[in-house]
>>> print(open('work29.cif').read())   # mmCIF, C-alpha atoms
data_run
#
loop_
_atom_site.label_atom_id
_atom_site.label_comp_id
_atom_site.auth_asym_id
_atom_site.auth_seq_id
_atom_site.Cartn_x
_atom_site.Cartn_y
_atom_site.Cartn_z
CA MET S 3 110.35 12.53 27.32
CA SER S 4 109.66 15.98 25.80
CA GLU S 5 106.19 17.40 25.73
CA GLN S 6 104.32 17.52 22.44
CA LYS S 7 104.57 20.87 20.69
CA ILE S 8 101.15 22.57 20.60
CA LEU S 9 100.22 23.84 17.13
CA ASN S 10 98.45 27.19 16.97
CA PHE S 11 95.48 26.15 14.84
CA MET S 12 93.27 28.95 16.08
CA GLY S 13 95.87 31.51 15.05
CA ALA S 14 94.59 31.07 11.49
CA ARG S 15 90.90 30.98 12.39
CA ILE S 16 90.01 34.35 10.81
CA PRO S 17 91.63 33.54 7.41
CA ALA S 18 90.04 30.08 7.63
CA THR S 19 86.63 31.65 8.26
CA ALA S 20 87.14 33.87 5.21
CA LEU S 21 88.12 30.83 3.14
CA SER S 22 85.01 28.94 4.24
CA VAL S 23 82.80 31.90 3.37
CA ILE S 24 84.40 32.19 -0.07
CA MET S 25 83.96 28.45 -0.76
CA LEU S 26 80.33 28.60 0.36
CA VAL S 27 79.60 31.64 -1.82
CA VAL S 28 81.15 29.96 -4.86
CA ALA S 29 79.28 26.70 -4.16
CA ILE S 30 75.91 28.39 -3.65
CA GLY S 31 76.50 30.54 -6.73
CA ALA S 32 77.28 27.45 -8.84
CA LEU S 33 74.15 25.70 -7.53
CA ALA S 34 72.01 28.78 -8.27
CA MET S 35 73.41 29.50 -11.74
CA ASN S 36 74.34 26.07 -13.09
CA GLY S 37 72.30 23.72 -10.96
CA LEU S 38 73.18 20.07 -10.58
CA LYS S 39 73.64 18.07 -13.76
CA LEU S 40 71.17 15.34 -12.83
CA GLY S 41 71.79 11.85 -14.13
CA LEU S 42 69.32 9.27 -15.40
CA ASP S 43 68.43 8.26 -11.83
CA PHE S 44 66.71 11.63 -11.47
CA THR S 45 65.58 12.43 -15.03
CA GLY S 46 64.97 9.07 -16.67
CA GLY S 47 66.04 8.25 -20.23
CA ALA S 48 67.07 5.55 -22.68
CA GLN S 49 69.55 2.80 -21.92
CA VAL S 50 71.09 0.55 -24.56
CA GLU S 51 73.48 -2.34 -24.00
CA VAL S 52 75.59 -3.33 -27.00
CA SER S 53 78.32 -5.85 -27.64
CA PHE S 54 81.37 -5.18 -29.85
CA SER S 55 83.31 -7.91 -31.60
CA GLU S 56 86.55 -6.09 -30.67
CA PRO S 57 87.55 -4.32 -27.43
CA ALA S 58 85.59 -1.08 -27.32
CA ASP S 59 87.33 2.28 -27.58
CA ILE S 60 85.23 4.30 -25.14
CA PRO S 61 86.60 7.78 -26.05
CA GLU S 62 85.90 7.09 -29.75
CA ILE S 63 82.39 5.84 -28.95
CA ARG S 64 81.68 8.95 -26.90
CA SER S 65 82.84 11.16 -29.75
CA ILE S 66 80.48 9.34 -32.13
CA LEU S 67 77.55 9.67 -29.73
CA ASP S 68 78.15 13.40 -29.28
CA GLU S 69 77.73 13.86 -33.04
CA GLN S 70 74.47 11.90 -33.20
CA GLY S 71 72.16 14.39 -31.49
CA LEU S 72 71.51 12.42 -28.31
CA ASN S 73 70.82 14.35 -25.11
CA ASN S 74 73.82 14.12 -22.77
CA PRO S 75 74.94 10.65 -23.92
CA VAL S 76 77.17 8.50 -21.69
CA ALA S 77 79.10 5.37 -22.69
CA VAL S 78 80.78 3.10 -20.14
CA LEU S 79 82.20 -0.42 -20.18
CA PHE S 80 79.76 -2.90 -18.72
CA GLY S 81 81.01 -6.31 -17.62
CA SER S 82 83.90 -6.68 -20.08
CA ASP S 83 85.95 -4.63 -22.53
CA THR S 84 83.55 -5.52 -25.37
CA GLU S 85 80.27 -4.78 -23.56
CA VAL S 86 79.20 -1.13 -23.57
CA LEU S 87 76.31 0.55 -21.79
CA ILE S 88 74.99 3.64 -23.58
CA ARG S 89 72.72 5.98 -21.64
CA THR S 90 71.02 9.18 -22.73
CA GLN S 91 68.54 11.53 -21.15
CA GLY S 92 65.31 11.57 -23.09
CA ALA S 93 64.41 8.90 -25.64
CA MET S 94 66.41 7.37 -28.48
CA GLY S 95 63.75 8.91 -30.73
CA ASP S 96 65.22 12.33 -29.95
CA GLY S 97 68.36 11.29 -31.81
CA GLY S 98 66.13 9.81 -34.52
CA GLN S 99 64.47 13.18 -35.06
CA VAL S 100 67.86 14.90 -35.36
CA ALA S 101 69.05 12.30 -37.88
CA LEU S 102 65.83 12.60 -39.93
CA GLU S 103 66.04 16.40 -39.96
CA ARG S 104 69.62 16.18 -41.24
CA ARG S 105 68.48 14.00 -44.12
CA LEU S 106 65.62 16.42 -44.87
CA GLN S 107 68.08 19.31 -45.06
CA ASN S 108 70.12 17.39 -47.63
CA THR S 109 67.10 17.24 -49.92
CA GLY S 110 67.00 21.05 -50.11
CA SER S 111 63.20 20.96 -50.20
CA GLY S 112 62.60 23.04 -47.08
CA ALA S 113 60.57 20.22 -45.52
CA ALA S 114 60.56 20.03 -41.73
CA LEU S 115 59.33 17.50 -39.19
CA GLU S 116 56.40 19.05 -37.30
CA ALA S 117 55.11 16.32 -35.01
CA VAL S 118 55.47 12.68 -34.04
CA ASN S 119 52.15 10.99 -33.24
CA ARG S 120 50.89 7.53 -32.55
CA ALA S 121 49.68 5.97 -35.79
CA PRO S 122 45.87 5.72 -36.19
CA SER S 123 44.63 2.25 -35.34
CA ASP S 124 42.70 2.01 -38.62
CA GLN S 125 45.84 2.46 -40.74
CA GLY S 126 47.22 -1.03 -40.33
CA ASN S 127 50.30 -2.28 -38.53
CA TYR S 128 52.11 1.05 -38.20
CA ALA S 129 53.76 2.37 -35.03
CA GLN S 130 53.99 6.14 -35.58
CA GLU S 131 52.80 8.96 -37.81
CA LEU S 132 55.42 11.57 -38.73
CA VAL S 133 53.84 14.88 -39.75
CA PHE S 134 55.78 17.24 -42.04
CA SER S 135 55.44 20.84 -43.17
CA GLY S 136 56.65 22.25 -46.49
CA ALA S 137 56.92 18.76 -47.92
CA SER S 138 55.45 17.03 -50.91
CA ALA S 139 54.67 13.36 -51.30
CA GLY S 140 57.40 13.12 -53.94
CA VAL S 141 60.09 14.39 -51.58
CA LEU S 142 59.05 12.09 -48.75
CA ASP S 143 58.73 9.02 -50.97
CA SER S 144 62.43 8.24 -50.67
CA THR S 145 64.32 5.31 -49.24
CA GLU S 146 67.12 7.76 -48.40
CA LEU S 147 64.86 9.51 -45.91
CA PHE S 148 63.27 6.37 -44.53
CA PRO S 149 65.64 3.42 -45.03
CA PRO S 150 63.54 0.23 -44.89
CA ARG S 151 66.19 -1.53 -42.79
CA PHE S 152 65.46 1.01 -40.03
CA PHE S 153 61.83 2.05 -40.48
CA GLY S 154 60.38 -1.08 -42.04
CA ASP S 155 57.30 -0.53 -44.20
CA THR S 156 56.26 3.13 -44.78
CA ARG S 157 53.21 4.79 -46.28
CA ILE S 158 52.59 8.40 -47.28
CA VAL S 159 49.26 9.95 -46.34
CA GLU S 160 47.97 13.28 -47.70
CA THR S 161 45.05 14.89 -45.88
CA ASP S 162 43.84 18.51 -46.15
CA GLY S 163 47.11 19.68 -47.64
CA ALA S 164 49.20 18.08 -44.91
CA VAL S 165 51.61 15.28 -45.63
CA SER S 166 52.51 12.59 -43.13
CA VAL S 167 54.41 9.32 -43.23
CA LEU S 168 53.29 6.18 -41.42
CA VAL S 169 56.25 4.06 -40.29
CA GLU S 170 56.24 0.45 -39.14
CA ASN S 171 59.10 0.93 -36.69
CA SER S 172 59.00 3.86 -34.25
CA LEU S 173 61.72 6.49 -34.23
CA ASP S 174 63.11 4.87 -31.06
CA ASN S 175 63.55 1.47 -32.69
CA ALA S 176 64.62 2.90 -36.05
CA TYR S 177 67.28 5.11 -34.55
CA THR S 178 68.58 2.36 -32.29
CA GLN S 179 69.26 0.26 -35.40
CA GLU S 180 70.75 3.27 -37.18
CA LEU S 181 73.04 4.00 -34.24
CA LEU S 182 74.30 0.41 -34.24
CA GLU S 183 75.13 0.75 -37.94
CA VAL S 184 76.95 4.05 -37.36
CA LEU S 185 78.95 2.60 -34.47
CA SER S 186 79.88 -0.44 -36.54
CA ALA S 187 81.00 1.68 -39.52
CA GLU S 188 82.97 4.18 -37.42
CA THR S 189 84.71 1.68 -35.13
CA GLY S 190 85.26 -1.10 -37.69
CA SER S 191 83.74 -3.61 -35.27
CA GLN S 192 80.59 -5.69 -35.44
CA VAL S 193 78.03 -4.28 -33.02
CA GLU S 194 75.19 -6.36 -31.60
CA LEU S 195 72.24 -5.07 -29.60
CA ARG S 196 71.85 -6.78 -26.22
CA ARG S 197 69.05 -4.75 -24.71
CA SER S 198 67.25 -1.46 -25.23
CA GLU S 199 64.86 0.09 -22.72
CA TYR S 200 63.51 3.32 -21.34
CA VAL S 201 64.48 3.91 -17.72
CA GLY S 202 62.10 6.00 -15.65
CA PRO S 203 63.44 8.35 -12.96
CA GLN S 204 64.16 6.46 -9.73
CA ILE S 205 63.86 9.68 -7.72
CA GLY S 206 60.47 11.31 -8.16
CA ALA S 207 59.39 14.72 -6.92
CA GLU S 208 57.61 13.24 -3.89
CA LEU S 209 60.61 11.12 -2.87
CA ARG S 210 62.93 14.09 -3.40
CA ASP S 211 60.82 16.34 -1.18
CA GLU S 212 60.50 13.67 1.50
CA GLY S 213 64.26 13.08 1.35
CA GLY S 214 64.91 16.80 1.85
CA MET S 215 62.58 16.87 4.83
CA GLY S 216 64.27 13.75 6.21
CA MET S 217 67.65 15.49 5.90
CA LEU S 218 66.42 18.49 7.89
CA ILE S 219 65.00 16.20 10.58
CA ALA S 220 68.30 14.30 10.72
CA LEU S 221 70.24 17.55 11.22
CA ALA S 222 67.84 18.53 14.01
CA VAL S 223 68.33 15.15 15.70
CA VAL S 224 72.12 15.48 15.38
CA MET S 225 71.92 18.92 16.93
CA LEU S 226 69.85 17.62 19.85
CA TYR S 227 72.16 14.65 20.40
CA VAL S 228 75.34 16.73 20.42
CA ALA S 229 73.68 19.30 22.71
CA ALA S 230 72.71 16.55 25.15
CA ARG S 231 76.02 14.71 24.89
CA PHE S 232 78.25 17.80 25.06
CA GLN S 233 76.76 21.28 25.18
CA PHE S 234 74.59 23.53 22.97
CA LYS S 235 77.54 25.46 21.50
CA PHE S 236 79.05 22.15 20.38
CA SER S 237 75.81 21.22 18.57
CA VAL S 238 75.88 24.50 16.64
CA GLY S 239 79.46 23.80 15.53
CA ALA S 240 78.65 20.22 14.48
CA VAL S 241 75.62 21.20 12.38
CA LEU S 242 77.41 24.13 10.76
CA ALA S 243 80.25 21.79 9.78
CA LEU S 244 77.80 19.30 8.23
CA VAL S 245 75.97 21.99 6.26
CA HIS S 246 79.33 23.45 5.19
CA ASP S 247 80.57 20.09 3.88
CA VAL S 248 77.37 19.16 2.02
CA ILE S 249 77.03 22.54 0.29
CA ILE S 250 80.66 22.52 -0.86
CA VAL S 251 80.43 18.96 -2.25
CA LEU S 252 77.21 19.79 -4.10
CA GLY S 253 78.70 23.07 -5.32
CA PHE S 254 81.76 21.23 -6.62
CA PHE S 255 79.56 19.01 -8.80
CA ALA S 256 77.46 21.98 -9.94
CA LEU S 257 80.54 24.07 -10.79
CA LEU S 258 82.19 21.34 -12.88
CA GLN S 259 78.85 20.01 -14.20
CA ILE S 260 79.64 16.42 -13.25
CA ASP S 261 76.73 13.97 -13.41
CA PHE S 262 74.87 13.76 -10.11
CA ASP S 263 73.20 10.37 -9.68
CA LEU S 264 72.23 8.02 -6.86
CA THR S 265 75.82 6.89 -6.26
CA VAL S 266 76.89 10.51 -5.72
CA LEU S 267 73.91 11.07 -3.42
CA ALA S 268 75.03 8.03 -1.40
CA ALA S 269 78.52 9.53 -1.21
CA VAL S 270 77.13 12.83 0.09
CA LEU S 271 75.31 10.95 2.86
CA ALA S 272 78.54 9.09 3.66
CA VAL S 273 80.36 12.43 3.87
CA ILE S 274 77.88 13.54 6.53
CA GLY S 275 78.67 10.48 8.63
CA TYR S 276 82.43 10.83 8.13
CA SER S 277 82.47 14.53 8.99
CA LEU S 278 80.29 14.07 12.07
CA ASN S 279 82.48 11.23 13.35
CA ASP S 280 85.63 13.32 13.00
CA THR S 281 83.94 16.30 14.67
CA ILE S 282 82.75 14.20 17.63
CA VAL S 283 86.30 12.90 18.22
CA VAL S 284 87.63 16.47 18.31
CA PHE S 285 84.79 17.64 20.56
CA ASP S 286 85.36 14.80 22.99
CA ARG S 287 89.01 15.74 23.38
CA ILE S 288 88.14 19.44 23.80
CA ARG S 289 85.67 18.63 26.56
CA GLU S 290 88.18 16.35 28.28
CA ASN S 291 90.93 18.97 28.15
CA PHE S 292 88.66 21.71 29.45
CA ARG S 293 88.27 19.64 32.60
CA LYS S 294 91.99 18.79 32.83
CA MET S 295 93.66 22.07 31.81
CA ARG S 296 92.35 24.29 34.58
CA LYS S 297 94.74 27.17 33.82
CA GLY S 298 94.54 27.23 30.04
CA SER S 299 92.46 29.69 28.00
CA THR S 300 89.79 28.53 25.55
CA ARG S 301 92.20 29.13 22.66
CA GLU S 302 94.95 27.10 24.34
CA VAL S 303 92.63 24.21 25.18
CA ILE S 304 91.28 23.98 21.64
CA ASN S 305 94.78 24.18 20.14
CA ALA S 306 95.98 21.42 22.48
CA SER S 307 92.98 19.24 21.67
CA LEU S 308 93.39 19.66 17.91
CA THR S 309 97.12 18.89 18.18
CA GLN S 310 96.42 15.72 20.16
CA THR S 311 93.84 14.48 17.63
CA LEU S 312 95.81 15.61 14.57
CA GLU S 313 97.70 12.34 14.13
CA ARG S 314 94.52 10.27 14.36
CA THR S 315 92.69 12.60 11.95
CA PHE S 316 95.59 12.66 9.48
CA ILE S 317 96.05 8.88 9.42
CA THR S 318 92.32 8.20 9.08
CA SER S 319 91.89 10.74 6.29
CA LEU S 320 95.03 9.66 4.43
CA THR S 321 94.20 5.95 4.44
CA THR S 322 90.62 6.71 3.36
CA LEU S 323 91.84 8.96 0.56
CA LEU S 324 94.27 6.31 -0.71
CA VAL S 325 91.41 3.85 -1.18
CA LEU S 326 89.15 6.48 -2.76
CA VAL S 327 91.82 7.62 -5.22
CA MET S 328 92.37 4.02 -6.32
CA LEU S 329 88.61 3.62 -6.79
CA PHE S 330 88.46 6.82 -8.81
CA LEU S 331 91.39 5.87 -11.05
CA PHE S 332 90.71 2.16 -11.55
CA GLY S 333 87.13 1.52 -10.42
CA GLY S 334 85.52 2.44 -13.73
CA GLU S 335 83.14 5.24 -14.60
CA LEU S 336 80.11 3.72 -12.96
CA ILE S 337 81.71 4.40 -9.57
CA SER S 338 83.92 7.39 -10.39
CA GLY S 339 81.32 9.94 -9.30
CA PHE S 340 80.90 8.17 -5.97
CA ALA S 341 84.66 8.13 -5.37
CA LEU S 342 85.12 11.76 -6.45
CA ALA S 343 82.35 12.99 -4.14
CA LEU S 344 83.91 11.14 -1.21
CA ILE S 345 87.40 12.47 -2.02
CA VAL S 346 86.11 16.04 -1.94
CA GLY S 347 84.00 15.27 1.14
CA VAL S 348 86.86 13.71 3.12
CA VAL S 349 89.17 16.65 2.40
CA VAL S 350 86.52 19.24 3.23
CA GLY S 351 85.30 17.24 6.23
CA THR S 352 88.79 17.05 7.71
CA TYR S 353 89.19 20.79 7.22
CA SER S 354 85.76 21.57 8.71
CA SER S 355 86.34 19.53 11.88
CA ILE S 356 89.17 21.97 12.66
CA TYR S 357 88.23 25.29 11.12
CA VAL S 358 84.43 25.15 11.18
CA SER S 359 83.29 23.09 14.17
CA ALA S 360 86.17 23.98 16.53
CA ASN S 361 86.33 27.52 15.18
CA THR S 362 82.61 27.95 15.93
CA LEU S 363 83.34 27.26 19.59
CA MET S 364 85.73 30.23 19.55
CA TRP S 365 83.18 32.51 17.87
CA LEU S 366 80.55 31.45 20.44
CA HIS S 367 82.99 32.18 23.30
CA LEU S 368 83.01 28.73 24.85
CA GLU S 369 84.16 28.94 28.48
CA LYS S 370 85.22 26.38 31.05
CA GLU S 371 82.06 27.08 32.99
CA ASP S 372 80.03 25.71 30.07
CA LEU S 373 81.56 22.27 30.57
CA MET S 374 82.30 22.12 34.27
CA PRO S 375 80.11 19.51 35.98
CA PRO S 376 77.71 21.10 38.46
CA GLU S 377 78.74 20.81 42.07
CA LYS S 378 76.66 18.45 44.15
CA GLU S 379 74.65 19.93 46.95
CA GLY S 380 76.25 19.43 50.33
CA THR S 381 79.81 19.08 48.96
CA GLU S 382 81.16 21.89 51.15
CA ILE S 383 79.55 20.39 54.26
CA ASP S 384 81.01 16.93 53.52
CA GLU S 385 84.51 18.40 53.15
CA MET S 386 84.38 20.14 56.55
CA PRO S 387 86.37 18.38 59.36
#
>>> encode(input="work29.cif", output="structure tokens")
Amino acid sequence: MSEQKILNFMGARIPATALSVIMLVVAIGALAMNGLKLGLDFTGGAQVEVSFSEPADIPEIRSILDEQGLNNPVAVLFGSDTEVLIRTQGAMGDGGQVALERRLQNTGSGAALEAVNRAPSDQGNYAQELVFSGASAGVLDSTELFPPRFFGDTRIVETDGAVSVLVENSLDNAYTQELLEVLSAETGSQVELRRSEYVGPQIGAELRDEGGMGMLIALAVVMLYVAARFQFKFSVGAVLALVHDVIIVLGFFALLQIDFDLTVLAAVLAVIGYSLNDTIVVFDRIRENFRKMRKGSTREVINASLTQTLERTFITSLTTLLVLVMLFLFGGELISGFALALIVGVVVGTYSSIYVSANTLMWLHLEKEDLMPPEKEGTEIDEMP
């Protein structure tokens, strides 16, 4: 039986180091310049569930929403091909203000919406007060500006030269009804409102800061564990690989401005576990071979160890990627970000277990003496005849 051919992984360690540095610079630059495109889990916003009488055409619905003035709108199928979940950062009233300003421009009067206030309690059953500048009561007294089917009862109030309109339905409720009408007209399908609500951010500033501190503590614990289980130089390589993987995954989402929500955050945490597991397997084989291959150099031992674990790493990564690609392609948009983050993380994590963690051992000049078990006192005496 022929011996396994040893692949010279460390022969490419300098170009690999350069590649890692370039990827990290691009990732950090994207995070600094673009930042993460935070989803509703972090920012909060409006969420509307609607039902269509015909199967929903999601690309068409997205195109309609983009024209309506909503802030970063998202439309995904929810439960069936006729149920659609519409999410937007901010409130539905933001789109209502844009729609109202468009109608004001069509009047050619120069009127502009100045403020949206809560209606005075002594003015009857009205929800909001819309304050205008450059407007007259005659211009604002129009069912084209304030359709009763959206705003309900309205009343114009003139005080100290200012003109305002009291509306029975708030801009949020009015625009939700208007959006349903627009969707129905554009898609040719009957649209029914299932639920409309404002979703607060699930990740507040305090939780975010505590989570960041928890991440730093976790990295410190990992470093201590690997140092105790293997050796200090191994712990440096493991932590550098984890930081490398996380920054590149985050940079990927910042560069392409893909929504970053709780599912993506969960994927990033999973990437940390996956990368660390792969790194530990490689480290364990390196330590074992350092004790077996007495005559080999550090470079030869690491190359042999990586070659021996290559098949296991390749099969594990490939089977994981097959599942993730299927999730990304057919799992729907609610889980696409999670799958994409894991795809990037698995690829980068596999690379880093070879050319970051193992490569770090080369840069730190790992020697056999670092891993040789200490000789027990009295060994020489015991071996004497």
>>> closest_residue(input="work29.cif", among="S:Ser338, S:Asn175, S:Gln192, S:Thr145", to="Asp261 in chain S", atoms="all atoms listed in the file")
S:Ser338
>>> residues_around(input="work29.cif", residues="Lys235 in chain S", least_positions_apart="6", cutoff="8 Å", atoms="only C-alpha atoms", output="NGL selection string")
:S and (229 or 362-363 or 366 or 368)
>>> residues_around(input="work29.cif", residues="range 120-127 of chain S", least_positions_apart="2", cutoff="8 Å", atoms="only C-alpha atoms", output="VMD selection string")
chain S and resid 118 129 to 131 168 170
>>> atom_distance(input="work29.cif", atom1="CA of Glu212 in chain S", atom2="CA of Leu278 in chain S")
22.4 Å
>>> residues_around(input="work29.cif", residues="Ser166 in chain S", least_positions_apart="6", cutoff="9 Å", atoms="all atoms listed in the file", output="PDB file with C-alpha atoms, keeping the file's coordinate frame")
ATOM      1  CA  GLU S 131      52.800   8.960 -37.810  1.00  0.00           C
ATOM      2  CA  LEU S 132      55.420  11.570 -38.730  1.00  0.00           C
ATOM      3  CA  VAL S 133      53.840  14.880 -39.750  1.00  0.00           C
ATOM      4  CA  PHE S 134      55.780  17.240 -42.040  1.00  0.00           C
ATOM      5  CA  SER S 135      55.440  20.840 -43.170  1.00  0.00           C
ATOM      6  CA  ALA S 137      56.920  18.760 -47.920  1.00  0.00           C
ATOM      7  CA  ALA S 139      54.670  13.360 -51.300  1.00  0.00           C
ATOM      8  CA  LEU S 142      59.050  12.090 -48.750  1.00  0.00           C
ATOM      9  CA  ARG S 157      53.210   4.790 -46.280  1.00  0.00           C
ATOM     10  CA  ILE S 158      52.590   8.400 -47.280  1.00  0.00           C
ATOM     11  CA  VAL S 159      49.260   9.950 -46.340  1.00  0.00           C
ATOM     12  CA  GLU S 160      47.970  13.280 -47.700  1.00  0.00           C
TER      13      GLU S 160
END
>>> closest_residue(input="work29.cif", among="S:Ala113, S:Leu181, S:Ala18, S:Leu226", to="Gly97 in chain S", atoms="all atoms listed in the file")
S:Leu181
>>> closest_residue(input="work29.cif", among="S:Lys297, S:Arg287, S:Arg15, S:Lys39", to="Gln310 in chain S", atoms="only C-alpha atoms")
S:Arg287
>>> axis_aligned_box(input="work29.cif", around="range 29-34 of chain S", padding_each_side="6 Å", output="JSON")
{"center_x": 75.6, "center_y": 28.1, "center_z": -6.2, "size_x": 19.3, "size_y": 16.8, "size_z": 17.2}
>>> resolve_selection(input="work29.cif", expression="the PyMOL selection byres ((chain S and resi 357) around 9)", output="number ranges by chain")
S: 11-12, 14-15, 18-19, 22, 243, 352-356, 358-362
>>> resolve_selection(input="work29.cif", expression="the PyMOL selection byres ((chain S and resi 42) around 8)", output="list in words")
Leu40, Gly41, Asp43, Phe44, Thr45, Gly46, Gly47, Arg89, Thr90, Gln91, Val201, Gly202, Pro203 and Asp263 of chain S
>>> resolve_selection(input="work29.cif", expression="the PyMOL selection byres ((chain S and resi 38) around 8)", output="list in words")
Leu33, Asn36, Gly37, Lys39, Leu40, Leu252, Phe255, Ala256, Gln259, Ile260, Asp261 and Phe262 of chain S
>>> atom_distance(input="work29.cif", atom1="CA of Val23 in chain S", atom2="CA of Val303 in chain S")
25.1 Å
>>> atom_distance(input="work29.cif", atom1="CA of Leu271 in chain S", atom2="CA of Ala341 in chain S")
12.8 Å
>>> residues_around(input="work29.cif", residues="Val224 in chain S", least_positions_apart="5", cutoff="12 Å", atoms="only C-alpha atoms", output="list in words")
Met217, Leu218, Ile219, Ala229, Ala230, Arg231, Phe232, Phe234, Phe236, Ser237, Val238, Gly239, Ala240, Val241, Leu242, Ala243, Leu244, Val245, Ile274, Gly275, Leu278, Asn279, Thr281 and Ile282 of chain S
>>> closest_residue(input="work29.cif", among="S:Ser198, S:Thr300, S:Val167, S:Gly154", to="Ala117 in chain S", atoms="all atoms listed in the file")
S:Val167
>>> closest_residue(input="work29.cif", among="S:Val346, S:Leu323, S:Thr315, S:Leu258", to="Val270 in chain S", atoms="all atoms listed in the file")
S:Val346
>>> residues_around(input="work29.cif", residues="Ser111 in chain S", least_positions_apart="6", cutoff="9 Å", atoms="only C-alpha atoms", output="list of chain:residue names")
S:Gly136, S:Ala137, S:Ser138, S:Val141
>>> closest_residue(input="work29.cif", among="S:Ile337, S:Val223, S:Val184, S:Ile8", to="Val78 in chain S", atoms="only C-alpha atoms")
S:Ile337
>>> decode(input="work29.cif", residues="range 70-83 of chain S", atoms="N, CA and C atoms", output="PDB file, in the first residue's frame")
ATOM      1  N   GLN S  70     -43.784  53.623  -3.601  1.00  0.00           N
ATOM      2  CA  GLN S  70     -44.755  54.216  -2.685  1.00  0.00           C
ATOM      3  C   GLN S  70     -44.135  55.055  -1.570  1.00  0.00           C
ATOM      4  N   GLY S  71     -42.817  55.172  -1.532  1.00  0.00           N
ATOM      5  CA  GLY S  71     -42.187  56.034  -0.546  1.00  0.00           C
ATOM      6  C   GLY S  71     -41.938  55.394   0.803  1.00  0.00           C
ATOM      7  N   LEU S  72     -42.091  54.069   0.898  1.00  0.00           N
ATOM      8  CA  LEU S  72     -41.796  53.398   2.161  1.00  0.00           C
ATOM      9  C   LEU S  72     -40.283  53.261   2.342  1.00  0.00           C
ATOM     10  N   ASN S  73     -39.857  53.202   3.598  1.00  0.00           N
ATOM     11  CA  ASN S  73     -38.433  53.126   3.913  1.00  0.00           C
ATOM     12  C   ASN S  73     -37.972  51.668   3.907  1.00  0.00           C
ATOM     13  N   ASN S  74     -37.182  51.309   2.883  1.00  0.00           N
ATOM     14  CA  ASN S  74     -36.615  49.968   2.779  1.00  0.00           C
ATOM     15  C   ASN S  74     -37.691  48.890   2.907  1.00  0.00           C
ATOM     16  N   PRO S  75     -38.697  48.900   2.031  1.00  0.00           N
ATOM     17  CA  PRO S  75     -39.776  47.910   2.144  1.00  0.00           C
ATOM     18  C   PRO S  75     -39.325  46.514   1.731  1.00  0.00           C
ATOM     19  N   VAL S  76     -39.910  45.506   2.366  1.00  0.00           N
ATOM     20  CA  VAL S  76     -39.618  44.102   2.064  1.00  0.00           C
ATOM     21  C   VAL S  76     -40.941  43.366   1.959  1.00  0.00           C
ATOM     22  N   ALA S  77     -41.084  42.520   0.945  1.00  0.00           N
ATOM     23  CA  ALA S  77     -42.289  41.704   0.779  1.00  0.00           C
ATOM     24  C   ALA S  77     -41.872  40.250   0.605  1.00  0.00           C
ATOM     25  N   VAL S  78     -42.429  39.374   1.422  1.00  0.00           N
ATOM     26  CA  VAL S  78     -42.118  37.948   1.338  1.00  0.00           C
ATOM     27  C   VAL S  78     -43.409  37.152   1.485  1.00  0.00           C
ATOM     28  N   LEU S  79     -43.415  35.956   0.887  1.00  0.00           N
ATOM     29  CA  LEU S  79     -44.554  35.060   1.070  1.00  0.00           C
ATOM     30  C   LEU S  79     -44.579  34.587   2.516  1.00  0.00           C
ATOM     31  N   PHE S  80     -45.795  34.438   3.037  1.00  0.00           N
ATOM     32  CA  PHE S  80     -45.934  34.100   4.449  1.00  0.00           C
ATOM     33  C   PHE S  80     -47.031  33.061   4.599  1.00  0.00           C
ATOM     34  N   GLY S  81     -46.644  31.788   4.669  1.00  0.00           N
ATOM     35  CA  GLY S  81     -47.612  30.721   4.885  1.00  0.00           C
ATOM     36  C   GLY S  81     -48.097  30.062   3.615  1.00  0.00           C
ATOM     37  N   SER S  82     -48.467  30.842   2.611  1.00  0.00           N
ATOM     38  CA  SER S  82     -48.941  30.287   1.339  1.00  0.00           C
ATOM     39  C   SER S  82     -48.606  31.271   0.237  1.00  0.00           C
ATOM     40  N   ASP S  83     -48.937  30.885  -1.017  1.00  0.00           N
ATOM     41  CA  ASP S  83     -48.591  31.764  -2.137  1.00  0.00           C
ATOM     42  C   ASP S  83     -49.556  32.929  -2.305  1.00  0.00           C
TER      43      ASP S  83
END
